[in-house]
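Heads up, the thing below is written out as C-alpha cells.
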Amino acid sequence: MSDTENILRGVLDNLLVNHGYKLNYVTIKSKPTHGASFSSKLFSINVKSSEGDLKLFAKVGVVRGKCSEWMFSTERFAFNELAKIYSDLQVKYEISEEDRLKFPKFYGSSRMGGKETIILEDLVASGYETFDRFKCFDWEQASNIALYLAKFHALSFAFAKDYPKEFEKVLNMKYEIWSRVNEEDAKAYWAKTLAGSLAVIKNEQRGRVAKFYESLPKPQTYTKPIGTPVLSHGDFRLSNLLYKKTNEKVQAIAVDFQTVYAGCPATDLVYLIFLGSDEEFRAEYYEKLLDHYYNSLSKMMEWLSIDSTEVYPREEFDRDMKENLPYAMLIGATILPTVVVEEDAAPDLGNFDYNQFVMSPNEIFAKRFRGIVSDCIRWNVI
C-alpha cells in the first residue's frame with residue numbers, strides 16, 4: 001500500500017467515525033486520471049459499516065507550496081461553507097428540488113501527512129459520467145452546463161443580498177494562479193508557449209496575433225470584478241464536471257472548486273465556451289448559448305427575489321462578455337494545451353516544473369486554437 005493510501009485510510013478512520021460510522025471494512029482503489037487531473041491523485045472508496053455502505057471519492061493533493069494551500073483552503077470553503085449557504089438560500093426561497101443547484105455531498109477534509117485531502121460522495125457510483133475532454137460539447141450538454149453556471153452565479157447575487165456582511169468577507173478571494181508564478185519563470189514559459197501557439201496558425205495571421213499578445217494586459221486583469229462582483233468558479237471546464245442523463249435530459253454538476261474567487265460572471269462563461277467548444281459549434285450556437293445563460297440567470301435570480309434588470313442587466317452582461325473576449329486568446333494559448341494533452345505528456349505536479357506546461361501542440365489543440373484565433377479576428381478582438 002502506498003504512503004498516500006495509508007494516509008487516506010487514516011483520514012477516513014477519523015472522518016467517518018465523526019459521522020457516526022463504525023467501520024467494518026474499507027477498500028481503497030486508485031482511479032486513473034488519464035491526464036485530466038494534475039493537482040490531485042484520485043481514489044474510489046467502498047465503506048462497509050453497521051450503519052450502511054458508502055461509496056466515496058477522494059482527492060489527495062500532489063502540488064506543494066502556497067498554491068496548494070490556496071487551492072485546498074478554497075475548496076474546503078466551497079464544500080464546507082459556500083455549499084451550505086447556497087443550500088439554505090434555496091430552501092429559504094422554496095426553490096424546487098429539481099431546480100436547485102447541487103454540490104457533491106462533502107464528508108470532510110484533512111491535511112494529515114502533509115497531503116491535502118477532500119472526501120466526497122462518489123457520484124460515478126450513482127450514475128454520473130465524466131465528459132470526454134478531447135471532444136467538444138454538443139448543444140444539449142452545453143445548455144445544461146451553462147444552466148448550472150447560471151445558478152451558481154445567481155446564488156452569489158443572493159448571497160450578497162441576504163448576507164451582505166458575510167459576502168463582504170469573501171470579496172477578498174482572489175484568483176491566485178497567475179500571481180503565484182515567478183516572473184522569470186513566467187517570461188520563459190510564455191515565450192515558449194507563444195511560439196508553440198503561433199506555429200499552428202496561418203502564416204498571414206502570425207504577425208497580427210503576436211502583436212495582439214504583446215499588448216495584452218496582465219492575466220489578473222480578467223480575473224477581477226468589472227462591475228457587480230460574484231463568486232466565480234475559476235476553472236469551469238469539462239474535466240471538472242460530471243453529467244448524468246435522466247429521462248433523456250442531461251444533468252451537469254461541478255466536482256472541483258479549487259479556484260473560486262470574487263470576479264465577473266462573464267469570465268467563467270468565456271472560459272467554459274472557449275475551452276469546451278470549437279469554431280463550428282460557436283458559429284451555430286454562440287449567441288444562443290449567451291441568451292440561454294442570461295435567461296437562466298435571470299430566472300434563477302427572480303426565484304431568489306432579485307430583479308436582474310436592476311442588479312445585472314443584459315447590457316452589463318453583454319459589456320462584460322465583450323471586455324472579457326481577449327481572455328479567450330489568453331486561455332487558448334495557456335490552458336487549452338493542458339485540456340487536450342495526451343495522457344503520457346500530462347504534467348506531473350508532484351515534481352513541479354513550469355517547463356512541463358510547455359507542451360508540443362497536438363492536432364486537437366491546433367484545430368481548436370486556430371478556431372479561437374479566427375473567431376477573435378472576425379469579432380474584432382484582435
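Chain lettering (A, B, ...) mirrors the order of the C-alpha cells, residue numbering begins at 1 for each chain separately, and ligand numbering begins at 1 in order of display.
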| message | I'd like the contact shell of stretch 36-39 of chain A - 6 Å cut-off, only C-alpha atoms, skipping same-chain residues fewer than 4 positions apart - returned as number ranges by chain. | response | A: 61-63
Kindly assemble as CSV a list of the stretch 172-201 of chain A residues that lie within 10 Å of stretch 218-235 of chain A, each paired with its nearest atom pair and their distance in Å to one decimal, using only C-alpha atoms, sorted first by chain and then by ascending residue number.
```
residue,atom,partner,partner_atom,distance
A:Met173,CA,A:Leu231,CA,8.6
A:Lys174,CA,A:Lys224,CA,7.8
A:Tyr175,CA,A:Thr223,CA,6.3
A:Glu176,CA,A:Gln220,CA,8.7
A:Ile177,CA,A:Gln220,CA,9.2
A:Trp178,CA,A:Pro219,CA,6.6
A:Ser179,CA,A:Gln220,CA,7.6
```
| Neighbours of A:Val340 within 10 Å (only C-alpha atoms; same-chain residues fewer than 5 positions away dropped), as a VMD selection string? | chain A and resid 35 to 36 132 to 135 275 335 346 361 to 365 368
Closest pair table for stretch 175-263 of chain A residues within 9 Å of stretch 72-96 of chain A, only C-alpha atoms, as CSV:
```
residue,atom,partner,partner_atom,distance
A:Asp256,CA,A:Glu75,CA,7.4
A:Phe257,CA,A:Glu75,CA,5.0
A:Gln258,CA,A:Glu75,CA,4.5
A:Thr259,CA,A:Thr74,CA,6.5
A:Val260,CA,A:Thr74,CA,6.5
A:Tyr261,CA,A:Thr74,CA,8.4
```
| message | Set the distance at 9 Å and use only C-alpha atoms: which residues neighbour A:Ala58 once local chain neighbours fewer than 4 positions away are removed? I'd like the list as number ranges by chain. | response | A: 8, 41-45, 117-122
Output file for the residues above (N, CA and C atoms, as a compact mmCIF listing (two decimals), in the first residue's frame):
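The result, written out as part-v9.txt:
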```
# COMPACT_ATOMS: atom_id res chain seq x y z
N LEU A 8 -4.62 8.24 3.48
CA LEU A 8 -6.05 8.32 3.18
C LEU A 8 -6.85 7.42 4.11
N LYS A 41 -4.27 13.23 -6.82
CA LYS A 41 -4.48 11.82 -7.10
C LYS A 41 -5.91 11.48 -6.66
N LEU A 42 -6.57 10.63 -7.41
CA LEU A 42 -7.98 10.34 -7.17
C LEU A 42 -8.17 8.89 -6.71
N PHE A 43 -9.16 8.70 -5.82
CA PHE A 43 -9.42 7.37 -5.28
C PHE A 43 -10.92 7.13 -5.15
N SER A 44 -11.34 5.90 -5.41
CA SER A 44 -12.70 5.48 -5.08
C SER A 44 -12.62 4.63 -3.83
N ILE A 45 -13.61 4.78 -2.97
CA ILE A 45 -13.58 4.14 -1.65
C ILE A 45 -14.91 3.44 -1.39
N THR A 117 -6.42 16.58 1.58
CA THR A 117 -7.36 15.54 1.16
C THR A 117 -8.80 16.04 1.29
N ILE A 118 -9.59 15.78 0.25
CA ILE A 118 -11.02 16.11 0.25
C ILE A 118 -11.79 14.80 0.04
N ILE A 119 -12.80 14.56 0.87
CA ILE A 119 -13.62 13.35 0.75
C ILE A 119 -15.04 13.74 0.37
N LEU A 120 -15.54 13.19 -0.73
CA LEU A 120 -16.88 13.48 -1.23
C LEU A 120 -17.64 12.19 -1.50
N GLU A 121 -18.93 12.32 -1.75
CA GLU A 121 -19.68 11.17 -2.25
C GLU A 121 -19.16 10.82 -3.65
N ASP A 122 -19.24 9.54 -3.99
CA ASP A 122 -18.81 9.10 -5.31
C ASP A 122 -19.99 9.17 -6.27
```
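Nearest-residue note for A:Val381: choosing from A:Trp139, A:Phe212, A:Phe57, A:Phe106, the minimum distance belongs to A:Phe212, counting only C-alpha atoms.
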| message | Considering only helix (DSSP H, G or I) as DSSP defines it on the backbone, what residues of stretch 45-245 of chain A qualify? List them as a PyMOL selection string. | response | chain A and resi 66-92+97-99+112-114+123-126+139-162+164-170+178-180+183-198+203-214+219-223+238-240
| said: I'd like the contact shell of A:Ser308 - 10 Å cut-off, only C-alpha atoms, skipping same-chain residues fewer than 3 positions apart - returned as a list in words. | reply: Ala154, Phe157, Tyr294, Asn295, Leu297, Ser298, Lys299, Met300, Met301, Glu302, Ser305, Val311, Tyr312, Pro313 and Arg314 of chain A
Can I get the selection written as a short mmCIF file (atom, residue, chain, number, x, y, z; two decimals), in the first residue's frame, with N, CA, C and O atoms?
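What ended up in selection_31.cif:
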```
data_model
loop_
_atom_site.label_atom_id
_atom_site.label_comp_id
_atom_site.auth_asym_id
_atom_site.auth_seq_id
_atom_site.Cartn_x
_atom_site.Cartn_y
_atom_site.Cartn_z
N ALA A 154 -26.18 33.13 -9.88
CA ALA A 154 -27.39 33.72 -9.30
C ALA A 154 -27.37 33.60 -7.78
O ALA A 154 -27.75 34.55 -7.06
N PHE A 157 -25.31 36.30 -6.23
CA PHE A 157 -26.05 37.55 -6.09
C PHE A 157 -26.96 37.50 -4.86
O PHE A 157 -27.11 38.49 -4.13
N TYR A 294 -28.00 33.86 -19.92
CA TYR A 294 -28.54 35.05 -19.27
C TYR A 294 -30.00 34.84 -18.87
O TYR A 294 -30.42 35.26 -17.78
N ASN A 295 -30.79 34.19 -19.72
CA ASN A 295 -32.19 33.92 -19.37
C ASN A 295 -32.28 33.00 -18.15
O ASN A 295 -33.14 33.17 -17.29
N LEU A 297 -29.96 32.71 -15.81
CA LEU A 297 -29.52 33.52 -14.68
C LEU A 297 -30.66 34.40 -14.17
O LEU A 297 -30.93 34.47 -12.96
N SER A 298 -31.35 35.07 -15.08
CA SER A 298 -32.45 35.97 -14.70
C SER A 298 -33.58 35.20 -14.02
O SER A 298 -34.16 35.68 -13.03
N LYS A 299 -33.87 34.01 -14.53
CA LYS A 299 -34.95 33.20 -13.96
C LYS A 299 -34.60 32.78 -12.54
O LYS A 299 -35.43 32.88 -11.61
N MET A 300 -33.38 32.31 -12.34
CA MET A 300 -32.96 31.89 -11.00
C MET A 300 -32.92 33.08 -10.05
O MET A 300 -33.32 32.98 -8.88
N MET A 301 -32.46 34.23 -10.54
CA MET A 301 -32.44 35.43 -9.71
C MET A 301 -33.86 35.84 -9.31
O MET A 301 -34.09 36.25 -8.17
N GLU A 302 -34.80 35.70 -10.23
CA GLU A 302 -36.19 36.02 -9.93
C GLU A 302 -36.72 35.11 -8.82
O GLU A 302 -37.40 35.57 -7.89
N SER A 305 -35.79 36.27 -5.51
CA SER A 305 -36.30 37.62 -5.22
C SER A 305 -35.29 38.71 -5.57
O SER A 305 -35.09 39.68 -4.82
N VAL A 311 -29.99 44.57 -10.92
CA VAL A 311 -28.73 44.11 -10.32
C VAL A 311 -27.69 43.77 -11.38
O VAL A 311 -26.50 44.09 -11.23
N TYR A 312 -28.11 43.11 -12.46
CA TYR A 312 -27.18 42.72 -13.51
C TYR A 312 -27.92 42.69 -14.84
O TYR A 312 -28.24 41.63 -15.38
N PRO A 313 -28.21 43.88 -15.40
CA PRO A 313 -28.98 43.96 -16.64
C PRO A 313 -28.24 43.34 -17.83
O PRO A 313 -27.01 43.22 -17.81
N ARG A 314 -28.98 43.00 -18.85
CA ARG A 314 -28.40 42.35 -20.02
C ARG A 314 -27.31 43.22 -20.65
O ARG A 314 -26.29 42.71 -21.15
#
```
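Closest approach to A:Ile377 among A:Leu241, A:Val255, A:Val209, A:Leu336: A:Val209, based on only C-alpha atoms.
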| Separation of atom CA of A:Asn172 from atom CA of A:Leu242, in Å and rounded to one decimal | 29.0 Å
| If you run DSSP on the backbone, which residues of stretch 148-294 of chain A are strand (DSSP E or B), as a VMD selection string? | chain A and resid 230 to 232 241 to 246 249 to 254 261 to 263
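Of the residues under consideration (A:Lys115, A:Gly207, A:Gly20, A:Ser40), A:Gly20 shows the shortest atom-to-atom contact distance to A:Gly52 when counting only C-alpha atoms.
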